[in-house]
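File shown here: structure.csv, holding CSV, C-alpha atoms.
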chain,number,residue,atom,x,y,z
A,119,LYS,CA,16.0,-53.7,114.3
A,120,ASN,CA,15.0,-52.1,117.6
A,121,GLU,CA,17.5,-52.2,120.4
A,122,VAL,CA,14.8,-53.5,122.7
A,123,GLU,CA,12.2,-56.0,121.5
A,124,GLN,CA,9.3,-57.4,123.4
A,125,SER,CA,7.1,-60.4,122.8
A,126,PRO,CA,4.3,-60.9,122.5
A,127,GLN,CA,2.9,-57.5,121.4
A,128,ASN,CA,-0.6,-58.5,122.6
A,129,LEU,CA,-1.6,-61.2,125.1
A,130,THR,CA,-5.0,-62.2,126.2
A,131,ALA,CA,-5.4,-64.5,129.2
A,132,GLN,CA,-8.0,-66.0,131.4
A,133,GLU,CA,-8.0,-65.0,135.1
A,134,GLY,CA,-5.7,-67.3,137.0
A,135,GLU,CA,-3.3,-68.1,134.2
A,136,PHE,CA,0.4,-67.8,134.4
A,137,ILE,CA,1.7,-65.1,132.1
A,138,THR,CA,5.2,-64.5,130.6
A,139,ILE,CA,6.3,-61.5,128.7
A,140,ASN,CA,9.8,-61.5,127.2
A,141,CYS,CA,12.3,-58.8,126.4
A,142,SER,CA,15.5,-59.1,124.4
A,143,TYR,CA,18.0,-56.3,123.9
A,144,SER,CA,21.0,-55.8,121.8
A,145,VAL,CA,23.1,-53.2,123.7
A,146,GLY,CA,25.2,-53.3,126.8
A,147,ILE,CA,23.1,-52.3,129.7
A,148,SER,CA,23.6,-51.2,133.3
A,149,ALA,CA,20.0,-51.9,134.3
A,150,LEU,CA,16.7,-53.2,132.9
A,151,HIS,CA,13.4,-51.8,134.0
A,152,TRP,CA,9.9,-53.4,133.8
A,153,LEU,CA,7.2,-50.8,133.8
A,154,GLN,CA,3.4,-50.9,133.8
A,155,GLN,CA,1.4,-48.4,132.0
A,156,HIS,CA,-2.4,-48.1,132.4
A,157,PRO,CA,-4.9,-46.4,130.1
A,158,GLY,CA,-4.4,-42.7,130.7
A,159,GLY,CA,-0.7,-43.0,130.5
A,160,GLY,CA,0.6,-43.2,134.1
A,161,ILE,CA,3.7,-45.3,134.3
A,162,VAL,CA,4.6,-47.4,137.4
A,163,SER,CA,8.0,-48.9,137.8
A,164,LEU,CA,7.7,-52.6,138.7
A,165,PHE,CA,11.3,-53.8,138.8
A,166,MET,CA,14.8,-52.6,138.1
A,167,LEU,CA,17.2,-55.5,137.4
A,168,SER,CA,20.9,-55.7,136.8
A,169,SER,CA,21.2,-59.5,137.5
A,170,GLY,CA,19.3,-62.5,138.7
A,171,LYS,CA,15.7,-62.4,139.8
A,172,LYS,CA,13.4,-60.3,141.7
A,173,LYS,CA,9.9,-61.1,143.1
A,174,HIS,CA,7.2,-58.8,144.4
A,175,GLY,CA,3.8,-60.3,145.2
A,176,ARG,CA,2.6,-62.2,142.1
A,177,LEU,CA,5.2,-60.6,139.9
A,178,ILE,CA,8.6,-62.1,139.1
A,179,ALA,CA,11.3,-60.7,136.9
A,180,THR,CA,14.4,-62.4,135.7
A,181,ILE,CA,17.3,-61.3,133.6
A,182,ASN,CA,20.1,-63.2,131.9
A,183,ILE,CA,22.9,-60.8,131.1
A,184,GLN,CA,24.9,-63.2,128.9
A,185,GLU,CA,21.8,-63.9,126.7
A,186,LYS,CA,20.6,-60.3,126.9
A,187,HIS,CA,17.1,-61.4,127.8
A,188,SER,CA,14.7,-60.7,130.5
A,189,SER,CA,11.2,-62.1,131.4
A,190,LEU,CA,8.4,-60.8,133.4
A,191,HIS,CA,6.1,-63.4,134.9
A,192,ILE,CA,2.7,-62.9,136.5
A,193,THR,CA,1.3,-65.7,138.5
A,194,ALA,CA,-2.5,-66.2,139.2
A,195,SER,CA,-3.3,-63.3,136.8
A,196,HIS,CA,-6.2,-61.0,137.6
A,197,PRO,CA,-8.3,-58.6,135.4
A,198,ARG,CA,-6.7,-55.7,137.3
A,199,ASP,CA,-3.3,-56.8,135.8
A,200,SER,CA,-4.6,-55.7,132.4
A,201,ALA,CA,-2.2,-53.0,131.2
A,202,VAL,CA,0.7,-52.3,128.9
A,203,TYR,CA,3.9,-53.8,130.2
A,204,ILE,CA,7.1,-52.1,129.0
A,205,CYS,CA,10.7,-53.2,129.1
A,206,ALA,CA,13.2,-50.4,129.2
A,207,VAL,CA,17.0,-50.6,129.3
A,208,GLN,CA,19.5,-48.2,130.7
A,209,GLU,CA,22.6,-48.4,128.4
A,210,THR,CA,26.0,-48.6,129.9
A,211,SER,CA,27.0,-45.7,127.7
A,212,GLY,CA,24.6,-43.3,129.3
A,213,SER,CA,21.6,-42.9,131.7
A,214,ARG,CA,18.7,-42.5,129.3
A,215,LEU,CA,16.2,-45.3,129.0
A,216,THR,CA,15.5,-47.1,125.7
A,217,PHE,CA,12.0,-48.5,125.6
A,218,GLY,CA,10.5,-51.6,124.0
A,219,GLU,CA,7.2,-51.2,122.2
A,220,GLY,CA,5.2,-52.7,125.1
A,221,THR,CA,3.0,-55.7,125.5
A,222,GLN,CA,-0.7,-55.1,125.8
A,223,LEU,CA,-2.0,-57.6,128.4
A,224,THR,CA,-5.7,-58.3,128.8
A,225,VAL,CA,-6.9,-60.6,131.5
A,226,ASN,CA,-10.5,-61.7,131.2
A,227,PRO,CA,-12.6,-62.8,134.2
B,65,ALA,CA,6.0,-41.5,150.0
B,66,ALA,CA,6.4,-38.5,147.6
B,67,GLY,CA,6.4,-39.3,143.9
B,68,VAL,CA,7.3,-37.5,140.8
B,69,ILE,CA,4.7,-34.7,140.3
B,70,GLN,CA,3.9,-33.3,136.9
B,71,SER,CA,1.7,-30.4,136.1
B,72,PRO,CA,-0.6,-29.8,134.4
B,73,ARG,CA,-2.1,-33.3,133.9
B,74,HIS,CA,-3.9,-32.2,130.8
B,75,LEU,CA,-3.3,-29.3,128.5
B,76,ILE,CA,-5.0,-28.2,125.3
B,77,LYS,CA,-3.3,-25.7,123.1
B,78,GLU,CA,-3.8,-24.3,119.6
B,79,LYS,CA,-1.3,-24.5,116.8
B,80,ARG,CA,1.5,-22.0,117.1
B,81,GLU,CA,0.9,-21.4,120.8
B,82,THR,CA,3.4,-22.1,123.5
B,83,ALA,CA,3.2,-24.6,126.4
B,84,THR,CA,5.2,-25.1,129.6
B,85,LEU,CA,5.2,-28.4,131.3
B,86,LYS,CA,6.6,-28.8,134.9
B,87,CYS,CA,8.2,-31.8,136.6
B,88,TYR,CA,8.9,-32.0,140.3
B,89,PRO,CA,11.2,-34.9,141.1
B,90,ILE,CA,11.3,-37.0,144.2
B,91,PRO,CA,13.1,-35.1,147.0
B,92,ARG,CA,16.8,-35.5,146.8
B,93,HIS,CA,16.8,-36.9,143.3
B,94,ASP,CA,19.3,-35.0,141.2
B,95,THR,CA,18.5,-36.3,137.7
B,96,VAL,CA,15.4,-35.5,135.6
B,97,TYR,CA,14.5,-37.1,132.3
B,98,TRP,CA,11.8,-36.0,129.8
B,99,TYR,CA,10.1,-38.4,127.4
B,100,GLN,CA,7.5,-38.0,124.7
B,101,GLN,CA,5.0,-40.7,123.9
B,102,GLY,CA,2.9,-40.2,120.8
B,103,PRO,CA,-0.4,-42.1,120.3
B,104,GLY,CA,0.4,-45.8,120.0
B,105,GLN,CA,4.1,-45.1,120.1
B,106,ASP,CA,6.8,-46.1,122.6
B,107,PRO,CA,8.3,-43.3,124.6
B,108,GLN,CA,11.1,-41.4,123.0
B,109,PHE,CA,13.8,-39.7,125.1
B,110,LEU,CA,13.9,-35.9,124.8
B,111,ILE,CA,16.4,-34.6,127.3
B,112,SER,CA,17.9,-35.0,130.7
B,113,PHE,CA,19.4,-32.9,133.4
B,114,TYR,CA,21.8,-33.8,136.2
B,115,GLU,CA,22.6,-31.3,138.9
B,116,LYS,CA,20.9,-28.5,137.0
B,117,MET,CA,23.0,-29.1,133.9
B,118,GLN,CA,21.9,-30.8,130.7
B,119,SER,CA,23.4,-34.3,130.7
B,120,ASP,CA,22.0,-35.9,127.6
B,121,LYS,CA,19.9,-34.9,124.6
B,122,GLY,CA,17.7,-37.0,122.4
B,123,SER,CA,15.2,-36.3,119.7
B,124,ILE,CA,14.1,-32.9,121.1
B,125,PRO,CA,13.0,-30.4,118.4
B,126,ASP,CA,14.7,-27.0,118.3
B,127,ARG,CA,11.3,-25.5,119.2
B,128,PHE,CA,11.5,-27.1,122.6
B,129,SER,CA,13.8,-26.1,125.4
B,130,ALA,CA,14.1,-27.3,129.0
B,131,GLN,CA,16.0,-26.5,132.2
B,132,GLN,CA,16.4,-27.7,135.7
B,133,PHE,CA,16.1,-25.2,138.5
B,134,SER,CA,18.0,-24.8,141.8
B,135,ASP,CA,15.2,-26.8,143.6
B,136,TYR,CA,15.7,-29.6,141.0
B,137,HIS,CA,12.3,-29.2,139.4
B,138,SER,CA,12.4,-29.0,135.6
B,139,GLU,CA,10.3,-27.2,133.0
B,140,LEU,CA,9.9,-28.2,129.3
B,141,ASN,CA,9.0,-25.2,127.2
B,142,MET,CA,7.4,-25.8,123.8
B,143,SER,CA,6.9,-23.1,121.3
B,144,SER,CA,5.2,-22.9,117.9
B,145,LEU,CA,3.2,-25.9,118.7
B,146,GLU,CA,2.3,-28.3,115.9
B,147,LEU,CA,-0.5,-30.9,115.7
B,148,GLY,CA,2.2,-33.6,115.8
B,149,ASP,CA,3.3,-32.4,119.2
B,150,SER,CA,0.1,-33.9,120.7
B,151,ALA,CA,1.4,-36.6,123.0
B,152,LEU,CA,1.9,-37.8,126.5
B,153,TYR,CA,4.9,-36.1,128.0
B,154,PHE,CA,6.3,-37.7,131.1
B,155,CYS,CA,9.3,-37.1,133.2
B,156,ALA,CA,11.3,-39.4,135.4
B,157,SER,CA,13.7,-38.7,138.3
B,158,SER,CA,16.5,-40.7,139.7
B,159,LEU,CA,19.2,-40.8,142.2
B,160,TYR,CA,21.8,-43.2,140.9
B,161,THR,CA,20.1,-45.7,138.5
B,162,GLU,CA,16.5,-46.5,139.4
B,163,ALA,CA,14.1,-44.1,137.7
B,164,PHE,CA,10.7,-43.2,139.0
B,165,PHE,CA,8.0,-41.8,136.7
B,166,GLY,CA,5.5,-39.1,136.9
B,167,GLN,CA,1.9,-39.5,135.7
B,168,GLY,CA,2.5,-37.5,132.6
B,169,THR,CA,1.1,-34.4,131.0
B,170,ARG,CA,-1.3,-35.1,128.1
B,171,LEU,CA,-0.9,-32.3,125.6
B,172,THR,CA,-3.4,-31.9,122.8
B,173,VAL,CA,-2.7,-29.4,120.1
B,174,VAL,CA,-5.8,-28.4,118.1
With the file now loaded, output its structure as structure tokens.
Amino acid sequence: KNEVEQSPQNLTAQEGEFITINCSYSVGISALHWLQQHPGGGIVSLFMLSSGKKKHGRLIATINIQEKHSSLHITASHPRDSAVYICAVQETSGSRLTFGEGTQLTVNP
Amino acid sequence: AAGVIQSPRHLIKEKRETATLKCYPIPRHDTVYWYQQGPGQDPQFLISFYEKMQSDKGSIPDRFSAQQFSDYHSELNMSSLELGDSALYFCASSLYTEAFFGQGTRLTVV
């Protein structure tokens, strides 16, 4: 069992839909990161969370430390949101990141 | 704002050759991480440095070595390249906890 699991692995949506990507982890963490990776590989850090909720534009990220679960929401999705979204955790035992397998999001016009 | 800079962006090498990848962290960041992402794979941690000293080591082959220099940039040296080393190599830098990522170097071994 992976330490970080994401669901779904693939997600196709129509433009304008509300999207949720989930991340569950099994280790103690000091922080959780949501990352976006476009074709070609470049990674953009969207959020870093250690508790609660953060919002940036149409993106919202929440984390429940007790349940070891985080969600990334995209409101009013747009084709340019199409990318791989990766959940990565920073374990309390060290500083390295452990990555989930990513969620491939495709938003159709 | 300055970001994490990696060079080169793309690199093609033949088997058994050597390659050197460079990572320039965000100014004042003191920690650099290296990750390897194979085709269709999630990134795997290779190695990290804090204040020019190795701070953590992951699944880095013995054929690879890395160091962090006095200006905090880091280099990943890869020798006796194998076809399986073809991957995206990206580095991240941090000060405290939030990590910022470079665009990656795509290495193709032929």
Which polymer residues, protein or nucleic acid, are no farther than 9 Å from (10.9, -58.7, 128.4), counting all atoms listed in the file, as an NGL selection string?
-> :A and (122-125 or 138-143 or 152 or 179-181 or 187-190 or 203-206 or 218 or 220-221)
Find the residues around Ala163 (chain B) up to 9 Å (all atoms listed in the file counted), leave out those fewer than 6 positions away in its own chain, and share them as an MDAnalysis selection string.
-> (chainID A and resid 151 163 166) or (chainID B and resid 95:97 156:157)
Write the residues of the preceding selection, restricted to C-alpha atoms, as a PDB file, keeping the file's coordinate frame.
ATOM      1  CA  HIS A 151      13.400 -51.800 134.000  1.00  0.00           C
ATOM      2  CA  SER A 163       8.000 -48.900 137.800  1.00  0.00           C
ATOM      3  CA  MET A 166      14.800 -52.600 138.100  1.00  0.00           C
TER       4      MET A 166
ATOM      5  CA  THR B  95      18.500 -36.300 137.700  1.00  0.00           C
ATOM      6  CA  VAL B  96      15.400 -35.500 135.600  1.00  0.00           C
ATOM      7  CA  TYR B  97      14.500 -37.100 132.300  1.00  0.00           C
ATOM      8  CA  ALA B 156      11.300 -39.400 135.400  1.00  0.00           C
ATOM      9  CA  SER B 157      13.700 -38.700 138.300  1.00  0.00           C
TER      10      SER B 157
END
Could you make a table, as a tab-separated table, of the residues of chain A that have an atom within 12 Å of an atom of chain B, each with its nearest atom pair and distance in Å to one decimal, counting all atoms listed in the file, in chain and number order?
residue	atom	partner	partner_atom	distance
A:Asn120	CA	B:Asp106	CA	11.3
A:Val122	CA	B:Asp106	CA	10.9
A:Glu123	CA	B:Asp106	CA	11.3
A:Gln124	CA	B:Asp106	CA	11.6
A:Ile147	CA	B:Thr161	CA	11.4
A:Ser148	CA	B:Thr161	CA	8.3
A:Ala149	CA	B:Thr161	CA	7.5
A:Leu150	CA	B:Glu162	CA	9.3
A:His151	CA	B:Glu162	CA	8.2
A:Trp152	CA	B:Ala163	CA	10.9
A:Leu153	CA	B:Phe165	CA	9.5
A:Gln154	CA	B:Phe165	CA	10.6
A:Gln155	CA	B:Gln167	CA	9.7
A:His156	CA	B:Gln167	CA	10.2
A:Pro157	CA	B:Gln167	CA	11.2
A:Gly158	CA	B:Arg170	CA	8.6
A:Gly159	CA	B:Gly168	CA	6.7
A:Gly160	CA	B:Gln167	CA	4.2
A:Ile161	CA	B:Phe165	CA	6.0
A:Val162	CA	B:Phe165	CA	6.6
A:Ser163	CA	B:Phe164	CA	6.4
A:Leu164	CA	B:Phe164	CA	9.9
A:Phe165	CA	B:Glu162	CA	9.0
A:Met166	CA	B:Glu162	CA	6.5
A:Leu167	CA	B:Glu162	CA	9.2
A:Ser168	CA	B:Thr161	CA	10.2
A:Val202	CA	B:Asp106	CA	10.7
A:Tyr203	CA	B:Asp106	CA	11.2
A:Ile204	CA	B:Asp106	CA	8.8
A:Cys205	CA	B:Asp106	CA	10.4
A:Ala206	CA	B:Pro107	CA	9.8
A:Val207	CA	B:Thr161	CA	10.9
A:Gln208	CA	B:Thr161	CA	8.2
A:Glu209	CA	B:Thr161	CA	10.7
A:Thr210	CA	B:Thr161	CA	10.8
A:Ser211	CA	B:Asp120	CA	11.0
A:Gly212	CA	B:Asp120	CA	8.0
A:Ser213	CA	B:Thr161	CA	7.5
A:Arg214	CA	B:Phe109	CA	7.0
A:Leu215	CA	B:Phe109	CA	7.2
A:Thr216	CA	B:Phe109	CA	7.6
A:Phe217	CA	B:Pro107	CA	6.5
A:Gly218	CA	B:Asp106	CA	6.8
A:Glu219	CA	B:Asp106	CA	5.1
A:Gly220	CA	B:Asp106	CA	7.2
A:Thr221	CA	B:Asp106	CA	10.7
A:Gln222	CA	B:Gly104	CA	11.0
Taking into account only C-alpha atoms, which residue in the set A:Gly175, A:Gly146, A:Pro126, A:Gly170 is nearest to Ala194 (chain A)?
->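 Comparing A:Gly175, A:Gly146, A:Pro126, A:Gly170 against Ala194 (chain A), the winner is A:Gly175.
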Could you pull the residues within 12 Å of Lys116 (chain B), counting all atoms listed in the file, minus those fewer than 5 positions along the same chain, as a PyMOL selection string?
-> chain B and resi 93-97+130-139
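Interatomic distance, CA of Glu135 (chain A) to CA of Lys172 (chain A): 19.9 Å.
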Excluding same-chain residues fewer than 5 positions from Gly134 (chain A), what lies within 10 Å of it counting only C-alpha atoms, as a PyMOL selection string?
-> chain A and resi 192-197+225-227
Quick one: distance from CA of Arg80 (chain B) to CA of Met117 (chain B) in Å, one decimal?
->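 Taking CA of Arg80 (chain B) as the start and CA of Met117 (chain B) as the end point, the length is 28.2 Å.
The point (-0.3, -31.8, 122.9) has these residues within 8 Å of it when all atoms listed in the file are used: B:Leu75, B:Ile76, B:Lys77, B:Leu147, B:Gly148, B:Asp149, B:Ser150, B:Ala151, B:Leu152, B:Arg170, B:Leu171, B:Thr172, B:Val173.
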Atom pair CA of Met142 (chain B) / CA of Arg127 (chain B): separation (Å) =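 Answer for the CA of Met142 (chain B) to CA of Arg127 (chain B) separation: 6.0 Å.
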Starting from the incomplete input, reconstruct N, CA and C atoms of region 159-183 of chain A and write that as an mmCIF file, keeping the file's coordinate frame.
data_model
loop_
_atom_site.group_PDB
_atom_site.id
_atom_site.type_symbol
_atom_site.label_atom_id
_atom_site.label_comp_id
_atom_site.auth_asym_id
_atom_site.auth_seq_id
_atom_site.Cartn_x
_atom_site.Cartn_y
_atom_site.Cartn_z
ATOM 1 N N GLY A 159 -2.112 -43.300 130.743
ATOM 2 C CA GLY A 159 -0.700 -43.000 130.500
ATOM 3 C C GLY A 159 0.229 -43.172 131.713
ATOM 4 N N GLY A 160 -0.265 -43.148 132.929
ATOM 5 C CA GLY A 160 0.600 -43.200 134.100
ATOM 6 C C GLY A 160 1.511 -44.420 134.067
ATOM 7 N N ILE A 161 2.768 -44.220 134.367
ATOM 8 C CA ILE A 161 3.700 -45.300 134.300
ATOM 9 C C ILE A 161 4.170 -45.641 135.763
ATOM 10 N N VAL A 162 4.165 -46.940 136.057
ATOM 11 C CA VAL A 162 4.600 -47.400 137.400
ATOM 12 C C VAL A 162 5.825 -48.304 137.157
ATOM 13 N N SER A 163 6.850 -48.058 137.927
ATOM 14 C CA SER A 163 8.000 -48.900 137.800
ATOM 15 C C SER A 163 7.795 -50.157 138.662
ATOM 16 N N LEU A 164 7.905 -51.316 138.015
ATOM 17 C CA LEU A 164 7.700 -52.600 138.700
ATOM 18 C C LEU A 164 9.004 -53.138 139.266
ATOM 19 N N PHE A 165 10.004 -53.211 138.403
ATOM 20 C CA PHE A 165 11.300 -53.800 138.800
ATOM 21 C C PHE A 165 12.419 -53.022 138.106
ATOM 22 N N MET A 166 13.548 -52.976 138.785
ATOM 23 C CA MET A 166 14.800 -52.600 138.100
ATOM 24 C C MET A 166 15.772 -53.771 138.403
ATOM 25 N N LEU A 167 16.347 -54.311 137.334
ATOM 26 C CA LEU A 167 17.200 -55.500 137.400
ATOM 27 C C LEU A 167 18.560 -55.195 136.824
ATOM 28 N N SER A 168 19.606 -55.696 137.460
ATOM 29 C CA SER A 168 20.900 -55.700 136.800
ATOM 30 C C SER A 168 21.435 -57.149 136.730
ATOM 31 N N SER A 169 20.847 -58.046 137.510
ATOM 32 C CA SER A 169 21.200 -59.500 137.500
ATOM 33 C C SER A 169 20.164 -60.268 138.190
ATOM 34 N N GLY A 170 20.123 -61.563 137.886
ATOM 35 C CA GLY A 170 19.300 -62.500 138.700
ATOM 36 C C GLY A 170 17.839 -62.351 138.561
ATOM 37 N N LYS A 171 17.187 -62.293 139.698
ATOM 38 C CA LYS A 171 15.700 -62.400 139.800
ATOM 39 C C LYS A 171 15.215 -61.581 140.913
ATOM 40 N N LYS A 172 14.028 -60.991 140.668
ATOM 41 C CA LYS A 172 13.400 -60.300 141.700
ATOM 42 C C LYS A 172 11.896 -60.692 141.775
ATOM 43 N N LYS A 173 11.310 -60.650 142.971
ATOM 44 C CA LYS A 173 9.900 -61.100 143.100
ATOM 45 C C LYS A 173 9.219 -60.029 143.996
ATOM 46 N N HIS A 174 8.000 -59.684 143.572
ATOM 47 C CA HIS A 174 7.200 -58.800 144.400
ATOM 48 C C HIS A 174 5.737 -59.227 144.208
ATOM 49 N N GLY A 175 5.200 -59.835 145.256
ATOM 50 C CA GLY A 175 3.800 -60.300 145.200
ATOM 51 C C GLY A 175 3.715 -61.408 144.110
ATOM 52 N N ARG A 176 2.803 -61.188 143.175
ATOM 53 C CA ARG A 176 2.600 -62.200 142.100
ATOM 54 C C ARG A 176 3.492 -61.925 140.897
ATOM 55 N N LEU A 177 4.337 -60.944 140.984
ATOM 56 C CA LEU A 177 5.200 -60.600 139.900
ATOM 57 C C LEU A 177 6.632 -61.116 140.118
ATOM 58 N N ILE A 178 7.210 -61.669 139.060
ATOM 59 C CA ILE A 178 8.600 -62.100 139.100
ATOM 60 C C ILE A 178 9.308 -61.641 137.865
ATOM 61 N N ALA A 179 10.490 -61.112 138.031
ATOM 62 C CA ALA A 179 11.300 -60.700 136.900
ATOM 63 C C ALA A 179 12.642 -61.339 136.948
ATOM 64 N N THR A 180 13.090 -61.807 135.801
ATOM 65 C CA THR A 180 14.400 -62.400 135.700
ATOM 66 C C THR A 180 15.197 -61.784 134.583
ATOM 67 N N ILE A 181 16.498 -61.865 134.692
ATOM 68 C CA ILE A 181 17.300 -61.300 133.600
ATOM 69 C C ILE A 181 18.549 -62.254 133.460
ATOM 70 N N ASN A 182 18.928 -62.477 132.194
ATOM 71 C CA ASN A 182 20.100 -63.200 131.900
ATOM 72 C C ASN A 182 21.018 -62.293 131.058
ATOM 73 N N ILE A 183 22.038 -61.787 131.718
ATOM 74 C CA ILE A 183 22.900 -60.800 131.100
ATOM 75 C C ILE A 183 23.629 -61.345 129.890
#
